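Undergrad: The structure file start17.csv (CSV, C-alpha atoms) is provided below.
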```
chain,number,residue,atom,x,y,z
H,34,MET,CA,32.1,21.4,-20.7
H,35,SER,CA,28.8,21.1,-18.8
H,36,GLU,CA,28.1,18.3,-16.5
H,37,SER,CA,25.5,15.7,-17.6
H,38,ARG,CA,22.1,15.9,-16.0
H,39,THR,CA,19.8,13.0,-15.4
H,40,GLU,CA,16.2,13.9,-14.9
H,41,LEU,CA,14.4,12.2,-12.0
H,42,SER,CA,11.6,11.0,-14.3
H,43,GLN,CA,14.2,9.0,-16.2
H,44,LEU,CA,14.8,6.8,-13.2
H,45,GLY,CA,11.4,6.7,-11.5
H,46,GLU,CA,10.9,6.3,-7.8
H,47,PHE,CA,12.4,2.8,-7.4
H,48,GLY,CA,15.3,3.5,-9.8
H,49,LEU,CA,16.2,6.5,-7.8
H,50,ILE,CA,16.1,4.5,-4.5
H,51,ASN,CA,18.4,1.9,-6.1
H,52,ARG,CA,20.8,4.5,-7.3
H,53,LEU,CA,21.0,6.4,-4.0
H,54,SER,CA,21.3,3.2,-1.9
H,55,LYS,CA,24.4,2.0,-3.9
H,56,GLY,CA,27.5,2.1,-1.6
H,57,ILE,CA,25.4,2.3,1.6
H,58,SER,CA,26.7,-0.2,4.0
H,59,THR,CA,25.6,-1.0,7.5
H,60,GLN,CA,28.0,-0.2,10.4
H,61,ASN,CA,26.1,-1.6,13.3
H,62,HIS,CA,25.7,-5.3,14.1
H,63,SER,CA,22.2,-4.6,15.2
H,64,THR,CA,21.1,-3.7,11.7
H,65,VAL,CA,19.7,-7.0,10.3
H,66,MET,CA,18.0,-5.6,7.1
H,67,GLY,CA,18.4,-2.1,5.7
H,68,ILE,CA,17.0,-0.6,2.5
H,69,GLY,CA,15.0,-2.9,0.3
H,70,ASP,CA,11.9,-4.1,2.2
H,71,ASP,CA,8.7,-2.6,3.7
H,72,ALA,CA,10.6,-1.9,6.9
H,73,ALA,CA,14.1,-2.0,8.3
H,74,VAL,CA,14.9,-4.9,10.7
H,75,ILE,CA,16.9,-4.2,13.8
H,76,ASN,CA,18.1,-6.7,16.4
H,77,ALA,CA,16.4,-5.9,19.7
H,78,GLY,CA,17.4,-8.8,21.8
H,79,ASP,CA,14.8,-11.6,21.9
H,80,GLU,CA,12.8,-9.9,19.1
H,81,TYR,CA,13.5,-7.8,16.0
H,82,GLY,CA,12.6,-4.2,15.9
H,83,LEU,CA,10.9,-2.9,12.7
H,84,LEU,CA,11.3,0.7,11.5
H,85,ALA,CA,9.5,2.3,8.6
H,86,ALA,CA,8.8,5.8,7.4
H,87,ASP,CA,6.4,7.4,4.9
H,88,MET,CA,5.7,10.9,3.6
H,89,LEU,CA,2.5,12.4,2.3
H,90,VAL,CA,2.8,15.6,0.3
H,91,GLU,CA,-0.1,17.9,-0.6
H,92,GLY,CA,-0.6,18.0,-4.4
H,93,VAL,CA,1.2,14.7,-4.9
H,94,HIS,CA,-0.4,12.2,-2.5
H,95,PHE,CA,-3.6,14.1,-1.5
H,96,ASP,CA,-5.9,16.9,-2.7
H,97,LEU,CA,-7.5,18.9,0.2
H,98,SER,CA,-10.3,20.0,-2.1
H,99,TYR,CA,-12.0,16.7,-1.4
H,100,VAL,CA,-9.9,14.9,1.3
H,101,PRO,CA,-11.1,15.7,4.8
H,102,LEU,CA,-8.3,16.4,7.2
H,103,GLN,CA,-9.5,13.8,9.7
H,104,HIS,CA,-9.5,11.1,7.0
H,105,LEU,CA,-6.0,12.3,6.0
H,106,GLY,CA,-4.7,12.0,9.5
H,107,TYR,CA,-6.1,8.4,9.8
H,108,LYS,CA,-4.7,7.4,6.5
H,109,ALA,CA,-1.2,8.8,7.3
H,110,ILE,CA,-1.0,6.5,10.3
H,111,SER,CA,-2.7,3.5,8.6
H,112,VAL,CA,-0.3,3.4,5.6
H,113,ASN,CA,2.7,3.3,7.9
H,114,VAL,CA,1.1,0.5,10.1
H,115,SER,CA,0.7,-1.4,6.8
H,116,ASP,CA,4.4,-1.5,6.3
H,117,ILE,CA,4.9,-3.2,9.7
H,118,ALA,CA,2.1,-5.6,8.9
H,119,ALA,CA,3.9,-6.5,5.7
H,120,MET,CA,6.8,-7.7,7.8
H,121,ASN,CA,4.4,-9.9,9.9
H,122,GLY,CA,5.0,-7.5,12.8
H,123,THR,CA,3.0,-5.5,15.3
H,124,PRO,CA,3.4,-1.7,15.4
H,125,GLU,CA,3.9,0.0,18.8
H,126,GLN,CA,5.0,3.6,18.4
H,127,VAL,CA,4.8,6.4,15.8
H,128,THR,CA,6.3,9.9,15.4
H,129,VAL,CA,4.6,12.6,13.5
H,130,SER,CA,6.4,15.4,11.7
H,131,LEU,CA,4.5,18.2,9.9
H,132,GLY,CA,5.4,20.9,7.5
H,133,ILE,CA,2.5,23.5,7.7
H,134,SER,CA,1.8,26.6,5.6
H,135,ASN,CA,0.2,29.6,7.1
H,136,ARG,CA,-3.1,29.0,5.3
H,137,PHE,CA,-3.9,26.3,7.9
H,138,SER,CA,-5.6,27.3,11.2
H,139,VAL,CA,-4.9,25.6,14.5
H,140,GLU,CA,-8.4,24.0,14.3
H,141,ALA,CA,-7.4,22.5,10.9
H,142,ILE,CA,-4.3,20.9,12.4
H,143,GLU,CA,-6.3,19.7,15.3
H,144,ALA,CA,-8.7,18.0,12.9
H,145,LEU,CA,-5.8,16.3,11.2
H,146,TYR,CA,-4.6,15.0,14.6
H,147,GLU,CA,-8.1,13.8,15.5
H,148,GLY,CA,-7.8,11.4,12.6
H,149,MET,CA,-4.3,10.4,13.7
H,150,LYS,CA,-5.4,9.7,17.3
H,151,ALA,CA,-8.3,7.6,16.0
H,152,ALA,CA,-6.0,5.5,13.9
H,153,ALA,CA,-3.5,5.2,16.8
H,154,LYS,CA,-6.3,3.9,19.0
H,155,ALA,CA,-7.5,1.5,16.3
H,156,PHE,CA,-4.1,0.0,15.7
H,157,HIS,CA,-2.9,0.2,19.3
H,158,VAL,CA,0.1,2.4,18.7
H,159,ASP,CA,1.4,5.3,20.7
H,160,ILE,CA,2.1,8.7,19.2
H,161,VAL,CA,5.4,9.5,21.0
H,162,GLY,CA,6.8,12.6,19.4
H,163,GLY,CA,7.8,14.3,16.1
H,164,ASP,CA,8.5,17.8,14.8
H,165,THR,CA,6.7,20.7,13.2
H,166,THR,CA,8.1,23.3,10.8
H,167,THR,CA,6.9,25.9,8.3
H,168,SER,CA,6.1,24.9,4.7
H,169,LYS,CA,5.9,27.3,1.9
H,170,SER,CA,4.2,24.8,-0.5
H,171,GLY,CA,1.3,23.3,1.4
H,172,LEU,CA,1.0,20.5,3.9
H,173,ILE,CA,3.7,17.8,4.4
H,174,ILE,CA,3.2,14.8,6.7
H,175,SER,CA,6.1,12.5,7.6
H,176,ILE,CA,5.4,9.5,9.8
H,177,SER,CA,7.9,7.1,11.3
H,178,VAL,CA,6.6,3.8,12.9
H,179,PHE,CA,8.4,1.3,15.1
H,180,GLY,CA,7.2,-2.2,15.7
H,181,LYS,CA,8.3,-5.6,16.8
H,182,VAL,CA,8.2,-9.2,15.5
H,183,GLU,CA,9.4,-12.5,16.8
H,184,LYS,CA,12.6,-13.4,15.1
H,185,GLU,CA,11.3,-16.7,13.7
H,186,LYS,CA,8.2,-15.0,12.3
H,187,VAL,CA,9.7,-12.0,10.5
H,188,THR,CA,8.7,-12.1,6.8
H,189,TYR,CA,10.6,-10.4,4.0
H,190,ARG,CA,9.9,-9.8,0.3
H,191,LYS,CA,12.5,-12.6,-0.2
H,192,GLY,CA,11.8,-16.1,1.0
H,193,ALA,CA,9.2,-17.4,-1.5
H,194,LYS,CA,10.1,-20.8,-3.0
H,195,VAL,CA,8.9,-22.5,-6.2
H,196,GLY,CA,5.5,-24.0,-5.7
H,197,ASP,CA,4.3,-21.6,-3.0
H,198,ILE,CA,0.7,-20.4,-3.1
H,199,LEU,CA,0.2,-16.6,-3.7
H,200,CYS,CA,-2.5,-15.0,-1.6
H,201,ALA,CA,-4.1,-11.6,-1.5
H,202,THR,CA,-6.4,-10.1,1.2
H,203,GLY,CA,-9.5,-8.1,0.7
H,204,ASP,CA,-10.3,-6.7,-2.7
H,205,LEU,CA,-8.3,-4.7,-5.2
H,206,GLY,CA,-8.8,-1.6,-7.4
H,207,GLY,CA,-11.3,0.1,-5.1
H,208,ALA,CA,-9.0,2.9,-3.9
H,209,PHE,CA,-8.1,3.8,-7.5
H,210,MET,CA,-11.7,3.9,-8.6
H,211,GLY,CA,-12.6,6.0,-5.6
H,212,LEU,CA,-9.9,8.5,-6.7
H,213,GLN,CA,-11.4,8.6,-10.2
H,214,VAL,CA,-14.9,9.4,-8.8
H,215,MET,CA,-13.6,12.2,-6.5
H,216,GLU,CA,-11.5,13.7,-9.3
H,217,ARG,CA,-14.6,13.7,-11.6
H,218,GLU,CA,-16.7,15.3,-9.0
H,219,LYS,CA,-14.0,17.9,-8.4
H,220,GLN,CA,-14.0,18.8,-12.1
H,221,ALA,CA,-17.8,19.0,-12.1
H,222,PHE,CA,-17.7,21.4,-9.1
H,223,MET,CA,-15.1,23.6,-10.7
H,224,ALA,CA,-17.2,23.9,-13.8
H,225,ASN,CA,-20.4,24.6,-11.7
H,226,PRO,CA,-19.9,25.5,-8.0
H,227,ASP,CA,-23.6,25.1,-7.4
H,228,MET,CA,-23.4,21.4,-8.1
H,229,GLN,CA,-23.3,19.0,-5.1
H,230,PRO,CA,-21.0,16.0,-5.2
H,231,GLN,CA,-22.7,12.8,-6.3
H,232,LEU,CA,-21.0,10.2,-4.1
H,233,GLU,CA,-23.9,8.3,-2.6
H,234,ASN,CA,-23.5,5.4,-5.0
H,235,TYR,CA,-19.7,5.2,-4.5
H,236,GLU,CA,-19.4,5.1,-0.7
H,237,TYR,CA,-17.3,2.0,-0.5
H,238,ILE,CA,-14.7,2.9,-3.0
H,239,VAL,CA,-14.4,6.5,-1.8
H,240,GLN,CA,-13.8,5.1,1.7
H,241,ARG,CA,-11.1,2.8,0.2
H,242,GLN,CA,-9.3,5.9,-1.1
H,243,LEU,CA,-9.9,8.2,1.8
H,244,LYS,CA,-9.5,5.9,4.8
H,245,PRO,CA,-7.6,2.7,4.0
H,246,ILE,CA,-7.4,0.2,6.8
H,247,ALA,CA,-4.0,-1.6,7.4
H,248,ARG,CA,-4.6,-5.3,7.6
H,249,MET,CA,-3.4,-6.0,11.1
H,250,ASP,CA,-6.4,-8.2,11.6
H,251,ILE,CA,-4.9,-10.6,9.0
H,252,ILE,CA,-1.5,-10.6,10.8
H,253,HIS,CA,-3.2,-11.6,14.1
H,254,GLU,CA,-5.2,-14.3,12.3
H,255,LEU,CA,-2.2,-15.8,10.6
H,256,ALA,CA,-0.6,-16.1,14.0
H,257,GLU,CA,-3.7,-17.9,15.3
H,258,PHE,CA,-3.7,-20.3,12.4
H,259,GLY,CA,0.0,-21.0,12.9
H,260,VAL,CA,0.9,-19.7,9.4
H,261,VAL,CA,4.1,-17.7,8.8
H,262,PRO,CA,4.1,-16.5,5.1
H,263,THR,CA,7.3,-17.3,3.1
H,264,SER,CA,7.2,-13.8,1.7
H,265,MET,CA,5.0,-10.7,2.0
H,266,ILE,CA,4.5,-7.1,0.8
H,267,ASP,CA,1.6,-4.6,1.1
H,268,ILE,CA,-0.2,-3.6,-2.0
H,269,SER,CA,0.4,0.1,-2.3
H,270,ASP,CA,1.6,0.4,-5.9
H,271,GLY,CA,-0.8,-2.1,-7.6
H,272,LEU,CA,-0.9,-5.9,-7.6
H,273,ALA,CA,1.3,-6.3,-10.7
H,274,SER,CA,4.1,-4.1,-9.2
H,275,GLU,CA,4.0,-6.0,-5.9
H,276,CYS,CA,4.1,-9.4,-7.7
H,277,LEU,CA,7.3,-8.2,-9.5
H,278,HIS,CA,8.8,-7.1,-6.2
H,279,LEU,CA,8.3,-10.5,-4.7
H,280,SER,CA,9.6,-12.1,-7.8
H,281,THR,CA,12.8,-10.0,-7.9
H,282,ASN,CA,13.5,-10.4,-4.2
H,283,SER,CA,12.7,-14.1,-3.9
H,284,GLY,CA,14.2,-15.2,-7.3
H,285,VAL,CA,11.0,-16.9,-8.5
H,286,GLY,CA,8.5,-16.3,-11.2
H,287,ILE,CA,4.9,-15.6,-10.3
H,288,GLN,CA,1.7,-16.6,-12.2
H,289,ILE,CA,-1.7,-15.2,-11.2
H,290,TYR,CA,-5.1,-15.9,-12.6
H,291,GLU,CA,-7.5,-13.3,-13.8
H,292,ASP,CA,-10.6,-15.0,-12.5
H,293,LYS,CA,-9.1,-15.3,-9.0
H,294,ILE,CA,-8.3,-11.6,-8.5
H,295,PRO,CA,-10.7,-10.2,-5.9
H,296,ILE,CA,-12.7,-7.2,-7.1
H,297,ASP,CA,-15.7,-5.7,-5.3
H,298,ARG,CA,-18.9,-5.3,-7.3
H,299,GLN,CA,-18.9,-1.5,-6.8
H,300,THR,CA,-15.3,-1.3,-8.1
H,301,TYR,CA,-16.2,-3.4,-11.1
H,302,GLU,CA,-19.3,-1.5,-12.0
H,303,THR,CA,-17.6,1.9,-11.5
H,304,ALA,CA,-14.7,0.9,-13.7
H,305,VAL,CA,-17.1,-0.1,-16.5
H,306,GLU,CA,-18.9,3.3,-16.0
H,307,PHE,CA,-15.5,5.0,-16.6
H,308,ASN,CA,-14.7,2.8,-19.6
H,309,LEU,CA,-11.9,1.1,-17.7
H,310,ASP,CA,-11.0,-2.5,-17.5
H,311,PRO,CA,-11.6,-3.6,-13.8
H,312,ILE,CA,-8.7,-6.1,-14.0
H,313,THR,CA,-6.3,-3.3,-15.1
H,314,CYS,CA,-7.5,-1.2,-12.2
H,315,ALA,CA,-6.8,-4.0,-9.8
H,316,LEU,CA,-3.4,-4.7,-11.3
H,317,ASN,CA,-2.1,-1.2,-11.5
H,318,GLY,CA,-4.4,1.1,-9.4
H,319,GLY,CA,-2.6,1.1,-6.1
H,320,GLU,CA,-3.4,2.4,-2.6
H,321,ASP,CA,-5.5,-0.6,-1.5
H,322,TYR,CA,-3.0,-1.4,1.3
H,323,GLU,CA,-4.1,-5.1,1.3
H,324,LEU,CA,-1.5,-7.8,1.8
H,325,LEU,CA,0.1,-10.0,-0.8
H,326,PHE,CA,1.9,-13.0,0.5
H,327,THR,CA,3.1,-16.5,-0.3
H,328,ILE,CA,2.5,-19.6,1.8
H,329,LYS,CA,3.8,-23.2,1.7
H,330,GLN,CA,1.4,-25.7,0.1
H,331,GLU,CA,1.0,-27.5,3.4
H,332,ASP,CA,-0.5,-24.3,4.9
H,333,TYR,CA,-3.3,-24.2,2.4
H,334,ASP,CA,-5.8,-26.1,4.5
H,335,LYS,CA,-5.3,-23.7,7.4
H,336,LEU,CA,-6.5,-20.8,5.4
H,337,GLU,CA,-8.8,-22.5,2.8
H,338,LYS,CA,-12.0,-21.3,4.5
H,339,HIS,CA,-10.9,-17.8,5.3
H,340,GLU,CA,-13.4,-15.4,3.7
H,341,ASP,CA,-10.9,-12.6,3.2
H,342,ILE,CA,-7.8,-14.4,2.0
H,343,HIS,CA,-7.9,-15.2,-1.7
H,344,PHE,CA,-5.6,-17.7,-3.5
H,345,ILE,CA,-4.8,-15.9,-6.7
H,346,GLY,CA,-1.8,-17.8,-8.1
H,347,HIS,CA,1.5,-19.5,-7.4
H,348,THR,CA,5.2,-19.2,-7.7
H,349,GLN,CA,7.2,-21.0,-10.4
H,350,GLU,CA,10.7,-21.2,-11.8
H,351,LEU,CA,12.2,-17.7,-12.5
H,352,THR,CA,12.9,-18.7,-16.1
H,353,LYS,CA,9.1,-19.0,-16.7
H,354,GLY,CA,8.7,-15.3,-15.9
H,355,ASN,CA,5.8,-13.4,-14.4
H,356,SER,CA,2.4,-13.8,-16.1
H,357,LEU,CA,-1.3,-13.4,-15.9
H,358,VAL,CA,-3.6,-16.2,-17.1
H,359,THR,CA,-6.7,-14.7,-18.6
H,360,LYS,CA,-10.2,-16.1,-18.4
H,361,ASN,CA,-9.6,-17.3,-22.0
H,362,ASN,CA,-6.5,-19.1,-20.8
H,363,ASN,CA,-4.1,-16.8,-22.6
H,364,LEU,CA,-0.8,-15.9,-21.0
H,365,VAL,CA,0.0,-12.2,-20.6
H,366,ALA,CA,3.3,-10.9,-19.2
H,367,LEU,CA,2.9,-9.0,-15.9
H,368,LYS,CA,4.2,-5.4,-16.2
H,369,ALA,CA,4.3,-2.8,-13.4
H,370,GLN,CA,2.3,0.3,-14.5
H,371,GLY,CA,1.4,1.6,-11.1
H,372,TRP,CA,1.8,5.1,-9.8
H,373,ASP,CA,5.3,6.6,-9.8
H,374,HIS,CA,5.6,9.3,-7.2
H,375,LEU,CA,8.3,11.2,-9.2
H,376,ASP,CA,6.2,11.3,-12.3
H,377,ASN,CA,2.6,11.8,-11.2
H,378,GLN,CA,0.6,14.4,-9.4
H,379,GLN,CA,-1.5,11.9,-7.6
H,380,GLY,CA,0.1,8.7,-6.3
H,381,ASP,CA,0.4,6.2,-3.6
H,382,ASN,CA,2.8,5.9,-0.8
```
If you took the structure in this file and wrote it as structure tokens, what would it be?
TA:
Amino acid sequence: MSESRTELSQLGEFGLINRLSKGISTQNHSTVMGIGDDAAVINAGDEYGLLAADMLVEGVHFDLSYVPLQHLGYKAISVNVSDIAAMNGTPEQVTVSLGISNRFSVEAIEALYEGMKAAAKAFHVDIVGGDTTTSKSGLIISISVFGKVEKEKVTYRKGAKVGDILCATGDLGGAFMGLQVMEREKQAFMANPDMQPQLENYEYIVQRQLKPIARMDIIHELAEFGVVPTSMIDISDGLASECLHLSTNSGVGIQIYEDKIPIDRQTYETAVEFNLDPITCALNGGEDYELLFTIKQEDYDKLEKHEDIHFIGHTQELTKGNSLVTKNNNLVALKAQGWDHLDNQQGDN
């Protein structure tokens, strides 16, 4: 009698994580939070230590036919720093591990590291070690990041209460549309190698995909305003998916408003050009690495005039579910349709 086999695609990324994490218990008193948030939380005396890791795999997370190695190096550090930001913390050290195939030259790996060093300088983190090994299937980048946060300011995905205000930074959907543009230009080039990429009208959204910027600036500004979010997550898998994460972890429903979702004009116009709904791109596109967080109502006045923090909804009783209020005042259930790493050739991290 043959053993039953479950395909990875049946579970998806988060289903697999949930299954593998069953039965894992912490053995050290210093472990405050393990699996289940943007970073692990470790008791480090007067502060909490924050530990996160991320992996980028060629052919899954990036395509070197249009992704410059320096941009890739920068992005690898930035998306990890974003996990520390999502805990309301400050990154301090990173380790870099690489799986490298023999098609890469020393100069190519140096270019990758130039991007990493630029990101390390920008985010004030130290590259303190790592590992290198041979890969037979392309380039693999694995980053671990360590940071710190004051104990009373650590912010989890849990913690939101009914009546909290939901905020999003920056604008959404741009990274997804940048990816669509680059994929289109790649196909055009493959059909006619004499064609030059037409990217001059898409500079902003292409940069959103190639070189996302972790929003440490917002973390510093929240501290200046004296605001500690009640819950927070970074937007890597699309706004809808992250709303559902906050809902599940905090035990509240979330309602967002279509006309409040921040979308850049270039993102909007490019989505229309591709016959895509801009709101759908913002909800499900992913890889924007903005911050989604909730605040107490009494903190609204402190952030009201901030140009890059948008009030997009609120929390409600869990029994009311998670929904989007359209411009026509219709109620649509929020569903997570973002990238799944186990079932897509191009995804987020």
Undergrad: Quick one: contact table of segment 166-230 of chain H to segment 240-252 of chain H, 9 Å max, nearest atom pair and distance in Å to one decimal per residue, counting all atoms listed in the file, chain and number order, as CSV?
TA:
```
residue,atom,partner,partner_atom,distance
H:Thr202,CA,H:Ile251,CA,8.0
H:Gly203,CA,H:Arg248,CA,8.9
H:Gly207,CA,H:Arg241,CA,6.0
H:Ala208,CA,H:Gln242,CA,4.1
H:Phe209,CA,H:Gln242,CA,6.8
H:Met210,CA,H:Gln242,CA,8.1
H:Gly211,CA,H:Gln242,CA,5.6
H:Leu212,CA,H:Gln242,CA,6.2
```
Undergrad: So that I can check the surroundings of segment 325-338 of chain H, please list as a PyMOL selection string every protein, DNA and RNA residue that reaches within 6 Å of it, counting all atoms listed in the file and ignoring chain neighbours fewer than 3 positions away.
TA: chain H and resi 197-201+262-267
Undergrad: How far is it from atom CA of Ala369 of chain H to atom CA of Asn317 of chain H, in Å with one decimal?
TA: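 Distance reported for this atom pair: 6.9 Å.
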Undergrad: Find the distance between atom CA of Gly122 of chain H and atom CA of Asp297 of chain H and write it in Å to one decimal.
TA: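 Interatomic distance here is 27.6 Å.
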Undergrad: Please measure the separation of atom CA of Ser280 of chain H and atom CA of Asp87 of chain H, giving the value in Å to one decimal.
TA: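 Atom CA of Ser280 of chain H sits 23.5 Å away from atom CA of Asp87 of chain H.
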Undergrad: Would you mind listing what lies within 12 Å of segment 362-364 of chain H as a short mmCIF file (atom, residue, chain, number, x, y, z; two decimals) with C-alpha atoms, keeping the file's coordinate frame, with all atoms listed in the file counted and same-chain residues fewer than 6 positions away left out?
TA:
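Result file follows (selection.cif):
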```cif
data_model
loop_
_atom_site.label_atom_id
_atom_site.label_comp_id
_atom_site.auth_asym_id
_atom_site.auth_seq_id
_atom_site.Cartn_x
_atom_site.Cartn_y
_atom_site.Cartn_z
CA GLN H 288 1.70 -16.60 -12.20
CA ILE H 289 -1.70 -15.20 -11.20
CA TYR H 290 -5.10 -15.90 -12.60
CA GLU H 291 -7.50 -13.30 -13.80
CA ASP H 292 -10.60 -15.00 -12.50
CA LYS H 353 9.10 -19.00 -16.70
CA GLY H 354 8.70 -15.30 -15.90
CA ASN H 355 5.80 -13.40 -14.40
CA SER H 356 2.40 -13.80 -16.10
#
```
Undergrad: Report as AutoDock Vina command-line options the centre and the edge lengths, in Å to one decimal, of the axis-aligned box holding every listed atom of segment 73-89 of chain H, padded by 8 Å on each side.
TA:
```
--center_x 10.3 --center_y 0.4 --center_z 12.1 --size_x 31.6 --size_y 40.0 --size_z 35.6
```
Undergrad: Set the distance at 6 Å and use all atoms listed in the file: which residues neighbour Val285 of chain H once local chain neighbours fewer than 4 positions away are removed? I'd like the list as a PyMOL selection string.
TA: chain H and resi 280+349-351
